[in-house]
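Engineer: Sharing a structure, written as structure tokens. Questions coming.
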Amino acid sequence: MLKSIDRVWLIGGTQESARLAQAIAQCQIYCIISVTTESAKCLYPESEFLTIWVGKLEPNQINLFLTNYKINRILDASHPYAVEISQLAIAISQTHQIPYLRYERPAIKSENSNHLLYLDRFETLLTGDYLKGKRVLLTLGYRSLFQFAQWQEQAVLFARILPSLMALDAALKAGFTPDRIIAIRPPLCLELERALWHHWKISLVVTKASGSAGGEDLKINLAHQLNIPLIIIARPQIDYPQMTHSFKTAVEFCQ
């Protein structure tokens, strides 16, 4: 039985959210953490102050969720590309007048070079000739893989995904054969990343601007070392009502 006490809703699933959850628990603040997969539960420490909710929150579940857990703050530490949940949380905060703060992992600033190309969105990549005839490693998450089904005959595509049945199913349905899929939770160490690129004879890597936590800086360095082009898809533009890059500010918001 849940204690009848106000809680912070921490939108999780990231390494940063795990650190935030630990700090929140140490402050003895009750917190409900939402994640989309069972495997993400292992990120969080066990604590009487932390409750983990697994699943995809739909709009028709929100009122019950807010009532059951007595949400009085929303701290959004979701992945920079998890647009749907961020937009839903912002709408909830405005409708129910619940304070909202976005904790955004810092972006990595690097200029375009011979090995590095920034694109504004997936559509730019998919409608251009960037992939044609290449051996391409996609480190984009499983949700976008369906968009690459049309390219399976024009390029040799490999996918790195999270170790979940949902992600594996999405990759297979998008036309990736088992020998072109690796399921592992990032970030990888430099040696393992290099070995994977060598093993698959990769000639192009596509990733997101997901920051150091997503291994973006490591891929940039490795692309330069191995003389392999790296395409980075920019983060979606979301109008956050409040945002911080400060871990300390995020914890203070919960207090």
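Order determines the names: the first chain of the structure tokens is A, the second B, and so forth; residues in each chain are numbered 1 upward, and ligands are numbered 1 upward as they are shown.
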Mind listing the strand (DSSP E) residues of stretch 16-100 of chain A, per DSSP on the backbone, as number ranges by chain?
Structural biologist: A: 31-35, 50-54, 71-76, 100
Engineer: Which residues are close to A:Lys208, i.e. within 8 Å by only C-alpha atoms, leaving aside same-chain residues fewer than 3 positions away? Reply as a PyMOL selection string.
Structural biologist: chain A and resi 139-140+216+232-235
Engineer: Suppose we keep C-alpha atoms; can you now write the selection as a PDB file, in the first residue's frame?
Structural biologist:
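Wrote it out as out.pdb, contents follow:
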```pdb
ATOM      1  CA  THR A 139      22.837   4.009 -32.905  1.00  0.00           C
ATOM      2  CA  LEU A 140      19.489   5.770 -32.794  1.00  0.00           C
ATOM      3  CA  GLU A 216      28.344  10.974 -28.373  1.00  0.00           C
ATOM      4  CA  ILE A 232      24.676  13.394 -35.818  1.00  0.00           C
ATOM      5  CA  ILE A 233      20.926  14.074 -35.779  1.00  0.00           C
ATOM      6  CA  ALA A 234      20.132  17.263 -33.842  1.00  0.00           C
ATOM      7  CA  ARG A 235      17.918  17.200 -30.760  1.00  0.00           C
TER       8      ARG A 235
END
```
Engineer: So that I can check the surroundings of stretch 39-55 of chain A, please list as a PyMOL selection string every protein, DNA and RNA residue that reaches within 10 Å of it, counting only C-alpha atoms and ignoring chain neighbours fewer than 6 positions away.
Structural biologist: chain A and resi 2+7-22+24-33+65+69+162-164+185
Engineer: Need the shell around A:Ile161: protein/DNA/RNA residues with any atom at most 12 Å away, counting only C-alpha atoms. Skip same-chain ones fewer than 6 positions apart. Format as a list in words?
Structural biologist: Leu137, Leu138, Thr139, Leu140, Gly141, Tyr142, Arg143, Ser144, Leu145, Ala167, Leu168, Asp169, Ala170, Ala171, Leu172, Phe176, Pro178, Arg180, Ile181, Ile182, Ala183, Ile184, Arg185, Pro186, Pro187 and Thr207 of chain A
Engineer: List the spatial neighbours of A:Arg105 as a PyMOL selection string - criterion: any atom at most 8 Å away, only C-alpha atoms, same-chain residues fewer than 2 positions off excluded.
Structural biologist: chain A and resi 16+80+103+107+210-211+213+245
Engineer: Grab the atom CA of A:Tyr118 to atom CA of A:Ala77 distance for me, in Å with one decimal place.
Structural biologist: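 Result for atom CA of A:Tyr118 versus atom CA of A:Ala77: 23.9 Å, one decimal.
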Engineer: Skipping near chain neighbours, those fewer than 6 positions away, what residues fall within 9 Å of A:Leu188 using only C-alpha atoms, listed as a list in words?
Structural biologist: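 With the cut-off at 9 Å, the set is Gly214, Gly215 and Leu218 of chain A.
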Engineer: List the spatial neighbours of A:Pro229 as a ChimeraX atom specification - criterion: any atom at most 9 Å away, only C-alpha atoms, same-chain residues fewer than 5 positions off excluded.
Structural biologist: /A:114-117,203-206,223-224
Engineer: Determine the nearest neighbour of A:Leu119 from the options A:Ile92, A:Pro236, A:Ile5, A:Ile231, counting only C-alpha atoms.
Structural biologist: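 Ranked by minimum distance to A:Leu119, first place goes to A:Ile231.
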Engineer: Atom CA of A:Phe146 and atom CA of A:His198, how far apart in Å?
Structural biologist: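 Answer for the atom CA of A:His198 to atom CA of A:Phe146 separation: 25.3 Å.
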